[in-house]
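Structure file model.txt; described as compact mmCIF, C-alpha atoms.
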# COMPACT_ATOMS: atom_id res chain seq x y z
CA MET A 1 -9.97 3.86 26.13
CA SER A 2 -11.73 1.96 28.88
CA TYR A 3 -13.49 -0.20 26.27
CA LEU A 4 -10.17 -1.73 25.33
CA PHE A 5 -9.35 -2.73 28.89
CA ASP A 6 -12.88 -3.85 29.77
CA ASN A 7 -13.05 -6.12 26.76
CA LEU A 8 -9.50 -7.36 26.54
CA ASP A 9 -10.53 -10.97 25.90
CA LEU A 10 -12.76 -9.97 22.98
CA VAL A 11 -10.03 -7.77 21.52
CA ALA A 12 -7.53 -10.57 22.04
CA GLU A 13 -9.83 -12.97 20.19
CA TYR A 14 -10.07 -10.58 17.21
CA PHE A 15 -6.34 -10.06 17.45
CA TRP A 16 -5.67 -13.79 17.02
CA GLU A 17 -8.25 -13.97 14.27
CA HIS A 18 -6.42 -11.20 12.45
CA LEU A 19 -3.08 -12.89 12.98
CA ARG A 20 -4.44 -16.22 11.69
CA LEU A 21 -5.93 -14.55 8.63
CA THR A 22 -2.65 -12.72 7.98
CA PHE A 23 -0.39 -15.72 8.25
CA SER A 24 -2.59 -18.20 6.43
CA SER A 25 -2.85 -15.70 3.55
CA LEU A 26 0.88 -15.13 3.69
CA GLY A 27 1.55 -18.87 3.60
CA ILE A 28 -0.68 -19.40 0.59
CA ALA A 29 0.78 -16.32 -1.10
CA LEU A 30 4.30 -17.66 -0.64
CA CYS A 31 3.34 -21.01 -2.18
CA PHE A 32 2.52 -19.12 -5.38
CA ALA A 33 5.07 -16.35 -5.21
CA VAL A 34 8.26 -18.35 -4.72
CA PRO A 35 7.76 -20.58 -7.79
CA ILE A 36 6.51 -17.66 -9.89
CA GLY A 37 9.44 -15.50 -8.82
CA LEU A 38 11.90 -18.31 -9.58
CA PHE A 39 10.23 -18.95 -12.90
CA ILE A 40 10.41 -15.36 -14.12
CA ALA A 41 13.99 -15.11 -12.89
CA LYS A 42 14.88 -18.08 -15.11
CA PHE A 43 12.75 -17.14 -18.11
CA ARG A 44 13.39 -13.42 -18.36
CA LYS A 45 10.97 -12.88 -21.21
CA LEU A 46 8.12 -13.60 -18.80
CA HIS A 47 9.26 -10.98 -16.33
CA MET A 48 7.52 -8.00 -17.94
CA PRO A 49 4.11 -9.59 -18.61
CA VAL A 50 3.88 -11.28 -15.20
CA THR A 51 4.87 -8.23 -13.17
CA GLY A 52 2.63 -6.13 -15.41
CA VAL A 53 -0.43 -8.22 -14.60
CA LEU A 54 0.44 -8.34 -10.89
CA GLY A 55 1.03 -4.60 -10.92
CA VAL A 56 -2.45 -3.95 -12.29
CA ILE A 57 -3.97 -6.20 -9.61
CA TYR A 58 -1.94 -4.39 -6.98
CA THR A 59 -3.17 -1.01 -8.21
CA ILE A 60 -6.83 -1.96 -7.91
CA PRO A 61 -8.14 -0.62 -4.58
CA SER A 62 -8.87 -3.41 -2.11
CA MET A 63 -12.52 -2.43 -1.65
CA ALA A 64 -12.99 -2.52 -5.41
CA LEU A 65 -11.35 -5.92 -5.74
CA TYR A 66 -13.54 -7.28 -2.98
CA ALA A 67 -16.60 -5.72 -4.56
CA ALA A 68 -15.78 -7.51 -7.80
CA LEU A 69 -15.17 -10.82 -6.02
CA ILE A 70 -18.29 -10.88 -3.84
CA PRO A 71 -20.72 -11.90 -6.62
CA TYR A 72 -18.59 -14.98 -7.29
CA THR A 73 -17.22 -16.06 -3.94
CA GLY A 74 -19.69 -14.45 -1.57
CA LEU A 75 -18.95 -12.89 1.79
CA GLY A 76 -16.53 -14.49 4.19
CA VAL A 77 -13.01 -15.56 4.90
CA THR A 78 -12.45 -17.19 1.49
CA THR A 79 -13.05 -13.95 -0.38
CA ALA A 80 -10.94 -12.05 2.12
CA MET A 81 -8.07 -14.47 1.64
CA ILE A 82 -8.26 -14.44 -2.15
CA GLY A 83 -7.86 -10.67 -2.07
CA LEU A 84 -5.03 -10.76 0.45
CA VAL A 85 -3.13 -13.44 -1.47
CA ALA A 86 -3.57 -11.49 -4.71
CA TYR A 87 -2.17 -8.30 -3.21
CA ALA A 88 0.77 -10.05 -1.60
CA GLN A 89 1.77 -11.61 -4.93
CA MET A 90 3.08 -8.38 -6.41
CA ILE A 91 5.32 -7.64 -3.43
CA LEU A 92 6.56 -11.20 -2.95
CA VAL A 93 7.15 -12.05 -6.62
CA ARG A 94 9.05 -8.81 -7.15
CA ASN A 95 11.29 -9.54 -4.18
CA VAL A 96 11.89 -13.20 -5.04
CA HIS A 97 12.78 -12.15 -8.57
CA ALA A 98 15.10 -9.40 -7.35
CA ALA A 99 16.70 -11.78 -4.86
CA ILE A 100 17.42 -14.48 -7.44
CA THR A 101 18.64 -12.16 -10.18
CA GLY A 102 20.75 -10.27 -7.66
CA ILE A 103 22.88 -13.32 -6.91
CA ASP A 104 26.45 -13.01 -8.11
CA PRO A 105 26.73 -15.14 -11.30
CA ALA A 106 30.16 -16.26 -10.11
CA MET A 107 28.46 -18.20 -7.30
CA ILE A 108 26.32 -20.10 -9.79
CA GLU A 109 29.36 -20.65 -11.94
CA ALA A 110 31.23 -22.05 -8.95
CA ALA A 111 28.31 -24.34 -8.09
CA LYS A 112 28.21 -25.65 -11.64
CA GLY A 113 31.95 -26.18 -11.49
CA MET A 114 31.49 -28.27 -8.36
CA GLY A 115 29.11 -30.48 -10.30
CA LEU A 116 25.75 -29.40 -8.86
CA ASN A 117 22.79 -29.97 -11.16
CA ALA A 118 20.12 -27.38 -11.95
CA TRP A 119 17.84 -28.40 -9.03
CA GLN A 120 20.67 -28.50 -6.57
CA ILE A 121 21.69 -25.00 -7.64
CA ILE A 122 18.15 -23.76 -6.98
CA PHE A 123 17.75 -25.42 -3.59
CA LYS A 124 21.28 -25.28 -2.22
CA ILE A 125 22.62 -22.04 -3.65
CA GLU A 126 19.97 -19.69 -4.99
CA LEU A 127 17.20 -20.05 -2.43
CA PRO A 128 19.43 -19.78 0.66
CA LEU A 129 21.16 -16.72 -0.79
CA ALA A 130 17.80 -15.18 -1.63
CA VAL A 131 16.49 -15.44 1.93
CA PRO A 132 17.39 -11.93 3.21
CA VAL A 133 15.83 -10.12 0.25
CA VAL A 134 12.78 -12.39 0.26
CA LEU A 135 12.40 -11.76 3.97
CA ALA A 136 12.22 -8.01 3.32
CA GLY A 137 9.42 -8.77 0.85
CA ILE A 138 7.66 -10.94 3.41
CA ARG A 139 7.81 -8.10 5.93
CA ILE A 140 6.24 -5.62 3.52
CA ALA A 141 3.67 -8.20 2.41
CA THR A 142 2.75 -9.01 6.02
CA VAL A 143 2.20 -5.37 6.84
CA SER A 144 0.10 -4.89 3.70
CA ILE A 145 -1.95 -7.99 4.48
CA ILE A 146 -2.59 -6.74 8.01
CA SER A 147 -3.67 -3.39 6.58
CA ILE A 148 -5.94 -4.77 3.87
CA GLY A 149 -7.15 -7.43 6.30
CA THR A 150 -8.66 -4.61 8.35
CA VAL A 151 -10.78 -3.63 5.37
CA ALA A 152 -11.62 -7.28 4.77
CA ALA A 153 -13.62 -7.28 8.01
CA TRP A 154 -16.30 -5.43 6.04
CA ILE A 155 -16.85 -8.45 3.82
CA GLY A 156 -16.78 -10.95 6.67
CA GLY A 157 -13.06 -11.61 6.89
CA GLY A 158 -13.12 -11.16 10.65
CA GLY A 159 -10.27 -9.71 12.67
CA LEU A 160 -9.65 -6.35 14.26
CA GLY A 161 -11.27 -4.44 11.43
CA ARG A 162 -14.57 -5.58 12.92
CA LEU A 163 -14.04 -3.35 15.94
CA ILE A 164 -13.36 -0.36 13.71
CA PHE A 165 -16.39 -0.95 11.49
CA GLN A 166 -18.66 -1.55 14.47
CA GLY A 167 -17.34 1.58 16.09
CA LEU A 168 -17.90 3.65 12.95
CA ASN A 169 -21.39 2.28 12.43
CA HIS A 170 -22.53 2.75 16.01
CA ASP A 171 -20.57 5.91 16.63
CA HIS A 172 -18.83 4.08 19.46
CA ILE A 173 -15.54 5.86 20.07
CA GLY A 174 -14.28 3.24 22.52
CA LYS A 175 -14.50 0.54 19.86
CA ILE A 176 -12.81 2.74 17.27
CA LEU A 177 -9.95 3.44 19.66
CA ALA A 178 -9.66 -0.20 20.74
CA GLY A 179 -9.59 -1.28 17.08
CA THR A 180 -7.11 1.31 15.87
CA ILE A 181 -4.76 0.91 18.81
CA SER A 182 -4.67 -2.88 18.64
CA ILE A 183 -4.27 -2.90 14.85
CA ALA A 184 -1.42 -0.39 15.12
CA VAL A 185 0.23 -2.55 17.78
CA LEU A 186 -0.15 -5.63 15.58
CA ALA A 187 1.20 -3.94 12.44
CA ILE A 188 4.11 -2.19 14.11
CA GLY A 189 4.94 -5.31 16.13
CA MET A 190 5.09 -7.50 13.03
CA ASP A 191 7.16 -4.91 11.20
CA LEU A 192 9.71 -4.80 14.02
CA LEU A 193 9.72 -8.59 14.40
CA PHE A 194 10.53 -9.10 10.73
CA ARG A 195 13.18 -6.36 10.79
CA LEU A 196 14.81 -8.22 13.66
CA LEU A 197 14.60 -11.51 11.73
CA GLU A 198 16.17 -9.83 8.71
CA LYS A 199 19.07 -8.73 10.88
CA LEU A 200 19.49 -12.19 12.37
CA LEU A 201 19.28 -14.03 9.06
CA GLY A 202 21.10 -11.29 7.17
CA PRO A 203 24.17 -11.80 5.03
CA LYS A 204 26.48 -14.16 6.85
CA THR A 205 28.48 -14.66 3.68
CA ALA A 206 30.10 -11.32 3.08
CA MET B 22 -32.73 -8.67 -14.97
CA ASN B 23 -29.05 -9.37 -15.38
CA VAL B 24 -26.33 -7.17 -13.94
CA LEU B 25 -25.63 -5.17 -17.07
CA GLU B 26 -29.27 -4.28 -17.44
CA LYS B 27 -29.43 -3.22 -13.82
CA ILE B 28 -26.39 -1.03 -14.26
CA ARG B 29 -27.86 0.54 -17.40
CA ASP B 30 -31.10 1.04 -15.52
CA TYR B 31 -29.30 2.79 -12.70
CA PHE B 32 -27.50 5.14 -15.05
CA GLU B 33 -30.69 5.99 -16.87
CA ASN B 34 -32.12 7.64 -13.78
CA ASN B 35 -29.15 8.39 -11.59
CA THR B 36 -26.30 9.61 -13.77
CA PRO B 37 -26.10 12.93 -11.86
CA VAL B 38 -25.79 11.04 -8.57
CA PHE B 39 -22.99 8.94 -9.98
CA LEU B 40 -21.21 12.00 -11.35
CA HIS B 41 -21.55 13.70 -7.99
CA ASN B 42 -19.98 10.71 -6.23
CA LEU B 43 -17.21 10.53 -8.81
CA GLU B 44 -16.57 14.23 -8.44
CA THR B 45 -16.39 13.95 -4.64
CA HIS B 46 -13.98 11.05 -4.95
CA VAL B 47 -11.68 12.87 -7.37
CA TRP B 48 -11.91 16.11 -5.44
CA LEU B 49 -11.21 14.41 -2.10
CA SER B 50 -8.15 12.68 -3.57
CA THR B 51 -6.89 15.80 -5.36
CA VAL B 52 -7.21 18.10 -2.35
CA SER B 53 -5.44 15.61 -0.10
CA MET B 54 -2.66 15.06 -2.62
CA MET B 55 -2.15 18.80 -3.17
CA VAL B 56 -1.93 19.55 0.53
CA ALA B 57 0.37 16.57 1.11
CA ILE B 58 2.67 17.68 -1.73
CA LEU B 59 2.76 21.27 -0.50
CA LEU B 60 3.61 20.11 3.01
CA CYS B 61 5.93 17.20 2.36
CA VAL B 62 8.10 18.32 -0.53
CA PRO B 63 9.50 21.36 1.33
CA LEU B 64 9.77 19.30 4.52
CA GLY B 65 11.58 16.52 2.64
CA ILE B 66 14.02 19.02 1.12
CA TRP B 67 14.58 20.55 4.52
CA ILE B 68 15.36 17.27 6.31
CA SER B 69 17.65 16.18 3.45
CA LYS B 70 19.86 19.11 4.49
CA LYS B 71 19.74 18.15 8.16
CA LEU B 72 21.06 14.64 8.11
CA HIS B 73 21.48 14.36 11.88
CA ILE B 74 17.73 14.67 12.51
CA ALA B 75 16.63 13.11 9.23
CA ASN B 76 17.29 9.56 10.40
CA TYR B 77 15.02 9.90 13.40
CA ILE B 78 12.24 11.44 11.34
CA ILE B 79 12.47 8.82 8.59
CA ASN B 80 12.51 5.98 11.11
CA ALA B 81 9.49 7.42 12.89
CA ILE B 82 7.65 7.79 9.58
CA ASN B 83 8.52 4.24 8.57
CA ILE B 84 6.94 2.97 11.76
CA PHE B 85 3.93 5.25 11.40
CA ARG B 86 3.46 4.18 7.79
CA VAL B 87 2.75 0.62 8.89
CA ILE B 88 -0.53 1.62 10.56
CA PRO B 89 -3.45 0.56 8.32
CA SER B 90 -5.22 3.30 6.41
CA LEU B 91 -8.59 2.28 7.81
CA ALA B 92 -7.27 2.90 11.32
CA ILE B 93 -6.12 6.41 10.40
CA LEU B 94 -9.46 7.19 8.75
CA ALA B 95 -11.40 5.77 11.69
CA LEU B 96 -9.38 7.84 14.16
CA ALA B 97 -10.32 11.00 12.29
CA MET B 98 -13.91 10.58 13.35
CA PRO B 99 -13.59 10.90 17.14
CA LEU B 100 -10.98 13.65 16.70
CA LEU B 101 -12.49 15.72 13.90
CA GLY B 102 -16.05 14.53 13.42
CA VAL B 103 -17.63 13.38 10.18
CA GLY B 104 -17.73 14.84 6.69
CA PHE B 105 -15.49 15.94 3.88
CA LEU B 106 -12.88 17.78 5.93
CA PRO B 107 -12.00 14.98 8.40
CA ALA B 108 -11.75 12.56 5.47
CA ALA B 109 -9.48 14.96 3.60
CA VAL B 110 -7.27 15.44 6.66
CA ALA B 111 -6.94 11.67 7.17
CA LEU B 112 -6.13 11.12 3.49
CA THR B 113 -3.54 13.91 3.57
CA ILE B 114 -1.85 12.20 6.50
CA LEU B 115 -1.86 8.94 4.57
CA ALA B 116 -0.35 10.59 1.49
CA CYS B 117 2.54 12.14 3.41
CA PRO B 118 4.94 9.24 4.11
CA PRO B 119 5.66 8.17 0.50
CA ILE B 120 6.08 11.76 -0.70
CA LEU B 121 8.24 12.79 2.24
CA ILE B 122 10.50 9.74 2.08
CA ASN B 123 10.97 9.94 -1.68
CA THR B 124 11.71 13.68 -1.58
CA TYR B 125 14.25 13.12 1.16
CA VAL B 126 15.95 10.26 -0.70
CA ALA B 127 15.92 12.12 -4.01
CA PHE B 128 17.63 15.20 -2.58
CA ARG B 129 20.07 13.23 -0.47
CA GLU B 130 21.22 11.18 -3.45
CA ILE B 131 22.19 14.21 -5.54
CA ASN B 132 25.88 14.17 -6.26
CA PRO B 133 27.52 16.80 -3.98
CA SER B 134 29.84 17.88 -6.77
CA ILE B 135 26.80 19.09 -8.74
CA ARG B 136 25.81 21.28 -5.81
CA GLU B 137 29.39 22.42 -5.52
CA ALA B 138 29.41 23.37 -9.19
CA ALA B 139 26.21 25.37 -8.76
CA PHE B 140 27.74 27.29 -5.85
CA GLY B 141 30.87 27.81 -7.89
CA MET B 142 28.79 29.41 -10.62
CA GLY B 143 27.55 31.90 -8.06
CA MET B 144 24.07 30.49 -7.42
CA THR B 145 22.42 31.22 -4.10
CA PRO B 146 21.25 28.24 -1.98
CA MET B 147 17.66 28.95 -3.08
CA GLN B 148 18.64 28.98 -6.75
CA THR B 149 20.62 25.76 -6.28
CA VAL B 150 17.60 24.02 -4.82
CA LEU B 151 15.12 25.32 -7.40
CA LYS B 152 17.20 25.29 -10.59
CA VAL B 153 19.63 22.44 -10.05
CA GLU B 154 18.52 20.04 -7.35
CA PHE B 155 14.78 20.07 -7.92
CA PRO B 156 14.88 19.08 -11.61
CA LEU B 157 17.32 16.29 -10.75
CA ALA B 158 15.18 15.03 -7.89
CA LEU B 159 11.86 15.32 -9.71
CA PRO B 160 11.56 11.74 -11.06
CA VAL B 161 12.05 10.20 -7.62
CA VAL B 162 9.69 12.72 -6.02
CA LEU B 163 7.11 11.86 -8.68
CA ALA B 164 7.52 8.18 -7.89
CA GLY B 165 6.51 9.02 -4.32
CA VAL B 166 3.57 11.06 -5.55
CA ARG B 167 2.52 8.12 -7.72
CA THR B 168 2.58 5.68 -4.81
CA ALA B 169 0.69 8.15 -2.66
CA SER B 170 -1.94 8.88 -5.31
CA VAL B 171 -2.80 5.22 -5.83
CA GLU B 172 -3.00 4.74 -2.08
CA ILE B 173 -5.18 7.82 -1.66
CA ILE B 174 -7.63 6.85 -4.39
CA ALA B 175 -7.94 3.43 -2.76
CA SER B 176 -8.35 4.83 0.74
CA ALA B 177 -10.83 7.46 -0.43
CA THR B 178 -13.15 4.52 -1.04
CA LEU B 179 -13.27 4.13 2.73
CA ALA B 180 -13.88 7.85 3.29
CA VAL B 181 -17.60 7.23 2.96
CA LEU B 182 -17.45 5.51 6.35
CA ILE B 183 -16.70 8.82 8.02
CA GLY B 184 -19.11 10.74 5.83
CA GLY B 185 -16.59 11.86 3.24
CA GLY B 186 -18.67 10.61 0.32
CA GLY B 187 -17.24 9.36 -2.95
CA LEU B 188 -17.49 6.18 -4.94
CA GLY B 189 -17.09 4.11 -1.80
CA ASN B 190 -20.81 4.76 -1.33
CA TYR B 191 -21.64 2.20 -3.97
CA ILE B 192 -19.33 -0.46 -2.59
CA ILE B 193 -20.36 -0.04 1.03
CA ASN B 194 -24.05 -0.03 0.10
CA GLY B 195 -23.48 -2.81 -2.40
CA VAL B 196 -22.17 -5.05 0.36
CA SER B 197 -24.99 -4.13 2.71
CA MET B 198 -27.67 -4.77 0.10
CA MET B 199 -25.76 -7.58 -1.62
CA SER B 200 -26.34 -5.79 -4.91
CA GLU B 201 -23.95 -6.89 -7.61
CA SER B 202 -24.73 -3.92 -9.83
CA PHE B 203 -23.94 -1.44 -7.04
CA LEU B 204 -20.69 -3.23 -6.27
CA LEU B 205 -19.61 -2.96 -9.89
CA ILE B 206 -20.74 0.65 -10.30
CA GLY B 207 -18.36 1.46 -7.45
CA ALA B 208 -15.55 -0.98 -8.13
CA ILE B 209 -14.92 -0.35 -11.82
CA PRO B 210 -14.58 3.46 -11.73
CA VAL B 211 -12.41 3.33 -8.59
CA SER B 212 -10.09 0.78 -10.20
CA LEU B 213 -9.91 2.81 -13.39
CA LEU B 214 -9.10 5.96 -11.42
CA ALA B 215 -6.29 4.19 -9.58
CA ILE B 216 -4.86 2.68 -12.75
CA LEU B 217 -5.19 6.02 -14.56
CA SER B 218 -3.24 7.89 -11.90
CA GLU B 219 -0.59 5.16 -11.90
CA VAL B 220 -0.22 5.45 -15.68
CA VAL B 221 -0.18 9.25 -15.72
CA PHE B 222 2.42 9.55 -12.99
CA SER B 223 4.67 6.83 -14.43
CA PHE B 224 4.51 8.70 -17.72
CA LEU B 225 5.48 11.96 -16.00
CA GLN B 226 8.18 10.13 -14.10
CA ARG B 227 9.70 8.83 -17.32
CA ARG B 228 9.40 12.19 -19.08
CA THR B 229 11.26 14.00 -16.31
CA SER B 230 14.12 11.49 -16.01
CA TYR B 231 17.38 12.28 -17.69

Same coordinates, now as structure tokens:
Amino acid sequence: MSYLFDNLDLVAEYFWEHLRLTFSSLGIALCFAVPIGLFIAKFRKLHMPVTGVLGVIYTIPSMALYAALIPYTGLGVTTAMIGLVAYAQMILVRNVHAAITGIDPAMIEAAKGMGLNAWQIIFKIELPLAVPVVLAGIRIATVSIISIGTVAAWIGGGGLGRLIFQGLNHDHIGKILAGTISIAVLAIGMDLLFRLLEKLLGPKTA
Amino acid sequence: MNVLEKIRDYFENNTPVFLHNLETHVWLSTVSMMVAILLCVPLGIWISKKLHIANYIINAINIFRVIPSLAILALAMPLLGVGFLPAAVALTILACPPILINTYVAFREINPSIREAAFGMGMTPMQTVLKVEFPLALPVVLAGVRTASVEIIASATLAVLIGGGGLGNYIINGVSMMSESFLLIGAIPVSLLAILSEVVFSFLQRRTSY
């Protein structure tokens, strides 16, 4: 326990590293997931194959995926992020798809009736209405990224996982405790933060 | 030597070692899943009957569930030491939340009039649970088992870090030695195991749905 308090600045540094890794992966993942989700919501025939492929990727254990990536992309943050983005896809795409297809068709009908074109419908009607459901997906994805990001420390992804791996390798209980406690705080904190956001941004149109 | 040759070379001399690691991995996952099912299904049924405490338990589990699997595994070492048993205990703990939550939801969602009808036909509470509610809840419970099994097979890869053995051996050593063949010897069977359990349980889930 004392290790955590004696080395707070080191732990804080890893903490920020973990947070940076998490949110940069999340940002990149969203750049792919939102268009893909929109796309498969519009072209329903693509829904099954796309979610099928993403589901298989999601099922592959993170260590195995990293093991397969290392020969091509080496050790380091890039490999870590590729894995994290790949895992987040499944969760995010599924939620974006569910959010868009869950919109009441009458709303779209009304928008068309008011003379909005296809792009306006996407940006002014569908995406804003999709926000609460997508946010739930972002919360789950963030928590998963934090979790897998811990493992990614093994392949040089940095972050709090480093403390855990160092602790396990050197049989240093203080490091293990510092790592597990801070990672639990990070994960639970993010989960609660996003739950709060969901409540705040929740359905205002009832 | 290219990678395929290296892998073939490894298997020529070390097939028993590989099989031993595979066996440990499967055994570790199976034991943890069994214990988790035996603990969590009855517990889930029980809390689905006690709605006033269920909410607190489910909320607590939802928070607990967020903690990364590596953290849970790592904590097992200072508390329980190294080896197969601590790894199995940690994996069992990891398998519990999905099974418990799904069991709870499955039993809570059963239409009360069905239960009423079972009572009306003179069934005891035990008979109602076993003969009426359980078959109805089974697909959702199996969905929880499926999620847990994939998670457990993945996390069992990390069990090697606390001396639990398994296919994680190859991946951990593969990274340390930067050996592509070792990485693949670990990665491919683990992925196949995970996908296999996903396929088997989704099949069971579909077969048991009405």

If we count all atoms listed in the file and set the cut-off at 10 Å, which residues sit around region 149-153 of chain B, ignoring sequence neighbours fewer than 6 positions away in its own chain? Please answer as a list in words.
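Returned residues: Ile66, Phe128, Ile131, Ile135, Arg136, Glu137, Ala138, Ala139, Phe140, Met142 and Gly143 of chain B.
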
Chain B residues within 10 Å of chain A, counting all atoms listed in the file: which ones, as a tab-separated table (two decimals) with C-alpha atoms, keeping the file's coordinate frame?
chain	number	residue	atom	x	y	z
B	83	ASN	CA	8.52	4.24	8.57
B	84	ILE	CA	6.94	2.97	11.76
B	85	PHE	CA	3.93	5.25	11.40
B	86	ARG	CA	3.46	4.18	7.79
B	87	VAL	CA	2.75	0.62	8.89
B	88	ILE	CA	-0.53	1.62	10.56
B	89	PRO	CA	-3.45	0.56	8.32
B	90	SER	CA	-5.22	3.30	6.41
B	91	LEU	CA	-8.59	2.28	7.81
B	92	ALA	CA	-7.27	2.90	11.32
B	93	ILE	CA	-6.12	6.41	10.40
B	94	LEU	CA	-9.46	7.19	8.75
B	95	ALA	CA	-11.40	5.77	11.69
B	96	LEU	CA	-9.38	7.84	14.16
B	97	ALA	CA	-10.32	11.00	12.29
B	98	MET	CA	-13.91	10.58	13.35
B	99	PRO	CA	-13.59	10.90	17.14
B	100	LEU	CA	-10.98	13.65	16.70
B	168	THR	CA	2.58	5.68	-4.81
B	171	VAL	CA	-2.80	5.22	-5.83
B	172	GLU	CA	-3.00	4.74	-2.08
B	173	ILE	CA	-5.18	7.82	-1.66
B	174	ILE	CA	-7.63	6.85	-4.39
B	175	ALA	CA	-7.94	3.43	-2.76
B	176	SER	CA	-8.35	4.83	0.74
B	177	ALA	CA	-10.83	7.46	-0.43
B	178	THR	CA	-13.15	4.52	-1.04
B	179	LEU	CA	-13.27	4.13	2.73
B	182	LEU	CA	-17.45	5.51	6.35
B	183	ILE	CA	-16.70	8.82	8.02
B	188	LEU	CA	-17.49	6.18	-4.94
B	189	GLY	CA	-17.09	4.11	-1.80
B	191	TYR	CA	-21.64	2.20	-3.97
B	192	ILE	CA	-19.33	-0.46	-2.59
B	193	ILE	CA	-20.36	-0.04	1.03
B	195	GLY	CA	-23.48	-2.81	-2.40
B	196	VAL	CA	-22.17	-5.05	0.36
B	197	SER	CA	-24.99	-4.13	2.71
B	199	MET	CA	-25.76	-7.58	-1.62
B	200	SER	CA	-26.34	-5.79	-4.91
B	201	GLU	CA	-23.95	-6.89	-7.61
B	202	SER	CA	-24.73	-3.92	-9.83
B	203	PHE	CA	-23.94	-1.44	-7.04
B	204	LEU	CA	-20.69	-3.23	-6.27
B	205	LEU	CA	-19.61	-2.96	-9.89
B	206	ILE	CA	-20.74	0.65	-10.30
B	207	GLY	CA	-18.36	1.46	-7.45
B	208	ALA	CA	-15.55	-0.98	-8.13
B	209	ILE	CA	-14.92	-0.35	-11.82
B	210	PRO	CA	-14.58	3.46	-11.73
B	211	VAL	CA	-12.41	3.33	-8.59
B	212	SER	CA	-10.09	0.78	-10.20
B	213	LEU	CA	-9.91	2.81	-13.39
B	214	LEU	CA	-9.10	5.96	-11.42
B	215	ALA	CA	-6.29	4.19	-9.58
B	216	ILE	CA	-4.86	2.68	-12.75
B	217	LEU	CA	-5.19	6.02	-14.56
B	218	SER	CA	-3.24	7.89	-11.90
B	219	GLU	CA	-0.59	5.16	-11.90

Within 12 Å of Ile120 (chain B), counting all atoms listed in the file, which residues show up once you throw out same-chain ones fewer than 3 positions away? Write them as a PDB file with C-alpha atoms, in the frame of the given file, please.
ATOM      1  CA  MET B  54      -2.660  15.060  -2.620  1.00  0.00           C
ATOM      2  CA  MET B  55      -2.150  18.800  -3.170  1.00  0.00           C
ATOM      3  CA  VAL B  56      -1.930  19.550   0.530  1.00  0.00           C
ATOM      4  CA  ALA B  57       0.370  16.570   1.110  1.00  0.00           C
ATOM      5  CA  ILE B  58       2.670  17.680  -1.730  1.00  0.00           C
ATOM      6  CA  LEU B  59       2.760  21.270  -0.500  1.00  0.00           C
ATOM      7  CA  LEU B  60       3.610  20.110   3.010  1.00  0.00           C
ATOM      8  CA  CYS B  61       5.930  17.200   2.360  1.00  0.00           C
ATOM      9  CA  VAL B  62       8.100  18.320  -0.530  1.00  0.00           C
ATOM     10  CA  PRO B  63       9.500  21.360   1.330  1.00  0.00           C
ATOM     11  CA  LEU B  64       9.770  19.300   4.520  1.00  0.00           C
ATOM     12  CA  GLY B  65      11.580  16.520   2.640  1.00  0.00           C
ATOM     13  CA  ILE B  66      14.020  19.020   1.120  1.00  0.00           C
ATOM     14  CA  ILE B  79      12.470   8.820   8.590  1.00  0.00           C
ATOM     15  CA  ILE B  82       7.650   7.790   9.580  1.00  0.00           C
ATOM     16  CA  ARG B  86       3.460   4.180   7.790  1.00  0.00           C
ATOM     17  CA  THR B 113      -3.540  13.910   3.570  1.00  0.00           C
ATOM     18  CA  ILE B 114      -1.850  12.200   6.500  1.00  0.00           C
ATOM     19  CA  LEU B 115      -1.860   8.940   4.570  1.00  0.00           C
ATOM     20  CA  ALA B 116      -0.350  10.590   1.490  1.00  0.00           C
ATOM     21  CA  CYS B 117       2.540  12.140   3.410  1.00  0.00           C
ATOM     22  CA  ASN B 123      10.970   9.940  -1.680  1.00  0.00           C
ATOM     23  CA  THR B 124      11.710  13.680  -1.580  1.00  0.00           C
ATOM     24  CA  TYR B 125      14.250  13.120   1.160  1.00  0.00           C
ATOM     25  CA  VAL B 126      15.950  10.260  -0.700  1.00  0.00           C
ATOM     26  CA  ALA B 127      15.920  12.120  -4.010  1.00  0.00           C
ATOM     27  CA  LEU B 159      11.860  15.320  -9.710  1.00  0.00           C
ATOM     28  CA  PRO B 160      11.560  11.740 -11.060  1.00  0.00           C
ATOM     29  CA  VAL B 161      12.050  10.200  -7.620  1.00  0.00           C
ATOM     30  CA  VAL B 162       9.690  12.720  -6.020  1.00  0.00           C
ATOM     31  CA  LEU B 163       7.110  11.860  -8.680  1.00  0.00           C
ATOM     32  CA  ALA B 164       7.520   8.180  -7.890  1.00  0.00           C
ATOM     33  CA  GLY B 165       6.510   9.020  -4.320  1.00  0.00           C
ATOM     34  CA  VAL B 166       3.570  11.060  -5.550  1.00  0.00           C
ATOM     35  CA  ARG B 167       2.520   8.120  -7.720  1.00  0.00           C
ATOM     36  CA  THR B 168       2.580   5.680  -4.810  1.00  0.00           C
ATOM     37  CA  ALA B 169       0.690   8.150  -2.660  1.00  0.00           C
ATOM     38  CA  SER B 170      -1.940   8.880  -5.310  1.00  0.00           C
ATOM     39  CA  GLU B 172      -3.000   4.740  -2.080  1.00  0.00           C
ATOM     40  CA  ILE B 173      -5.180   7.820  -1.660  1.00  0.00           C
TER      41      ILE B 173
END

Pick the closest to Ala111 (chain B) from B:Ser53, B:Thr229, B:Ser69, B:Asn80: which is it, counting all atoms listed in the file?
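Of B:Ser53, B:Thr229, B:Ser69, B:Asn80, the one nearest Ala111 (chain B) is B:Ser53, counting all atoms listed in the file.
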
If we count all atoms listed in the file and set the cut-off at 9 Å, which residues sit around Leu21 (chain A), ignoring sequence neighbours fewer than 5 positions away in its own chain? Please answer as a list in words.
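The residues satisfying every condition are Trp16, Leu26, Val77, Ala80, Met81, Ile145, Ile146, Gly149, Gly157, Gly158 and Gly159 of chain A.
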